[in-house]
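For reference, the structure discussed in these notes is given below.
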Amino acid sequence: MAPAQGRWAPALWRSCNGLMAAFFALAAVVQVVYTIPAVLTLLVGLNPLVTGNFIWKSVSAIHTFFCTVWAVGLAYYLLLHTQQNILHEEEGRNPAGGRIQLAIATVIALFPFISWTYIYINKEMRSSWPTHCKTVI
């Protein structure tokens, strides 16, 4: 018999995956690229053991590869077609707006690293970690 607090965990896992599959499906209406993540997320929600399947691993790896190639190509295109500085393209017309957007983007990008550093340095928080978390980096 499962512990009382662990009975709802599989349902929560499946509902979260179902919600993410729904979001990816809505995004797939606009861009077909999100169809593959929607299907993969739905499959993981229905059967978490599907991630060990060769076909699932292959589709996931191929999709990740194509997304990486597309991102590198897009970055190359943007660097090739910038006039001077990338901030002078669109945001440069509104100096205050561009700086605010840059500050927000910087905070969003650095937040995970800052929060991880804070949690890792804080000994009181680390003392309550489970043993599998204490062996990580």
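Letters A, B, ... mark the chains of the structure tokens in the order given; residue numbers begin at 1 per chain; ligand numbers begin at 1, in order shown.
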**OP:** Going by DSSP on the backbone, which bits of chain A are helix (DSSP H, G or I)? Write them as a PyMOL selection string, please.
**Re:** chain A and resi 4-6+9-30+32-46+48-52+54-81+86-88+91-93+95-121+123-127+131-134
- Query: If we count only C-alpha atoms, what is near Ala22 of chain A at a cut-off of 10 Å, once residues fewer than 6 positions away on the same chain are taken out, given as a PyMOL selection string?
  - Reply: chain A and resi 16+28+38-39+41-42
Leu26 of chain A surroundings by only C-alpha atoms, 10 Å radius, close-in-sequence under 6 positions cut, as a short mmCIF file (atom, residue, chain, number, x, y, z; two decimals) with N, CA and C atoms, in the first residue's frame:
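Contents of result26.cif, as written:
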```cif
data_model
loop_
_atom_site.label_atom_id
_atom_site.label_comp_id
_atom_site.auth_asym_id
_atom_site.auth_seq_id
_atom_site.Cartn_x
_atom_site.Cartn_y
_atom_site.Cartn_z
N MET A 20 1.01 20.85 -19.90
CA MET A 20 2.08 21.27 -20.82
C MET A 20 1.81 20.79 -22.25
N VAL A 32 3.97 24.93 -36.35
CA VAL A 32 3.90 23.48 -36.42
C VAL A 32 5.04 22.81 -35.65
N TYR A 34 5.90 23.00 -32.71
CA TYR A 34 5.55 22.58 -31.36
C TYR A 34 4.70 21.32 -31.32
N THR A 35 4.41 20.73 -32.46
CA THR A 35 3.64 19.50 -32.48
C THR A 35 4.40 18.35 -31.85
N ALA A 38 4.52 18.59 -28.09
CA ALA A 38 3.18 18.32 -27.57
C ALA A 38 2.93 16.82 -27.49
#
```
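Distances from A:Ile108, A:Val33, A:Leu43, A:Cys133 to Tyr120 of chain A were compared using only C-alpha atoms, and the smallest one belongs to A:Cys133.
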One residue among A:Ala25, A:Cys67, A:Leu19, A:Leu79 is nearest to Leu46 of chain A when using only C-alpha atoms, and that residue is A:Leu19
- Query: Residues at most 10 Å from segment 63-66 of chain A, counting only C-alpha atoms, excluding those fewer than 6 positions away in the same chain, as a VMD selection string?
  - Reply: chain A and resid 33 36 to 37 57 72
Pull all heavy atoms from the residues just selected and write them as a PDB file, in the first residue's frame.
```pdb
ATOM      1  N   VAL A  33       6.112  23.537 -35.412  1.00  0.00           N
ATOM      2  CA  VAL A  33       7.274  22.990 -34.734  1.00  0.00           C
ATOM      3  C   VAL A  33       6.910  22.426 -33.359  1.00  0.00           C
ATOM      4  O   VAL A  33       7.516  21.464 -32.894  1.00  0.00           O
ATOM      5  CB  VAL A  33       8.359  24.094 -34.581  1.00  0.00           C
ATOM      6  CG1 VAL A  33       9.537  23.616 -33.780  1.00  0.00           C
ATOM      7  CG2 VAL A  33       8.787  24.574 -35.942  1.00  0.00           C
ATOM      8  N   ILE A  36       5.679  18.245 -32.162  1.00  0.00           N
ATOM      9  CA  ILE A  36       6.489  17.149 -31.618  1.00  0.00           C
ATOM     10  C   ILE A  36       6.601  17.245 -30.099  1.00  0.00           C
ATOM     11  O   ILE A  36       6.368  16.246 -29.407  1.00  0.00           O
ATOM     12  CB  ILE A  36       7.872  17.110 -32.309  1.00  0.00           C
ATOM     13  CG1 ILE A  36       7.684  16.742 -33.781  1.00  0.00           C
ATOM     14  CG2 ILE A  36       8.787  16.103 -31.621  1.00  0.00           C
ATOM     15  CD1 ILE A  36       8.931  16.834 -34.603  1.00  0.00           C
ATOM     16  N   PRO A  37       6.942  18.412 -29.503  1.00  0.00           N
ATOM     17  CA  PRO A  37       6.959  18.471 -28.038  1.00  0.00           C
ATOM     18  C   PRO A  37       5.587  18.194 -27.420  1.00  0.00           C
ATOM     19  O   PRO A  37       5.503  17.599 -26.340  1.00  0.00           O
ATOM     20  CB  PRO A  37       7.417  19.895 -27.723  1.00  0.00           C
ATOM     21  CG  PRO A  37       8.122  20.355 -28.928  1.00  0.00           C
ATOM     22  CD  PRO A  37       7.481  19.647 -30.081  1.00  0.00           C
ATOM     23  N   LYS A  57      13.183   8.075 -27.681  1.00  0.00           N
ATOM     24  CA  LYS A  57      14.515   8.682 -27.547  1.00  0.00           C
ATOM     25  C   LYS A  57      14.992   9.239 -28.890  1.00  0.00           C
ATOM     26  O   LYS A  57      15.579  10.322 -28.948  1.00  0.00           O
ATOM     27  CB  LYS A  57      15.519   7.661 -27.026  1.00  0.00           C
ATOM     28  CG  LYS A  57      15.365   7.337 -25.571  1.00  0.00           C
ATOM     29  CD  LYS A  57      16.429   6.345 -25.141  1.00  0.00           C
ATOM     30  CE  LYS A  57      16.303   5.999 -23.687  1.00  0.00           C
ATOM     31  NZ  LYS A  57      17.328   5.049 -23.256  1.00  0.00           N
ATOM     32  N   VAL A  72      21.223  28.033 -34.058  1.00  0.00           N
ATOM     33  CA  VAL A  72      22.549  28.488 -34.511  1.00  0.00           C
ATOM     34  C   VAL A  72      22.413  29.236 -35.835  1.00  0.00           C
ATOM     35  O   VAL A  72      23.028  30.282 -36.039  1.00  0.00           O
ATOM     36  CB  VAL A  72      23.517  27.289 -34.631  1.00  0.00           C
ATOM     37  CG1 VAL A  72      24.785  27.672 -35.368  1.00  0.00           C
ATOM     38  CG2 VAL A  72      23.845  26.734 -33.259  1.00  0.00           C
TER      39      VAL A  72
END
```
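Atom pair atom CA of Gly45 of chain A / atom CA of Ser15 of chain A: separated by 7.3 Å.
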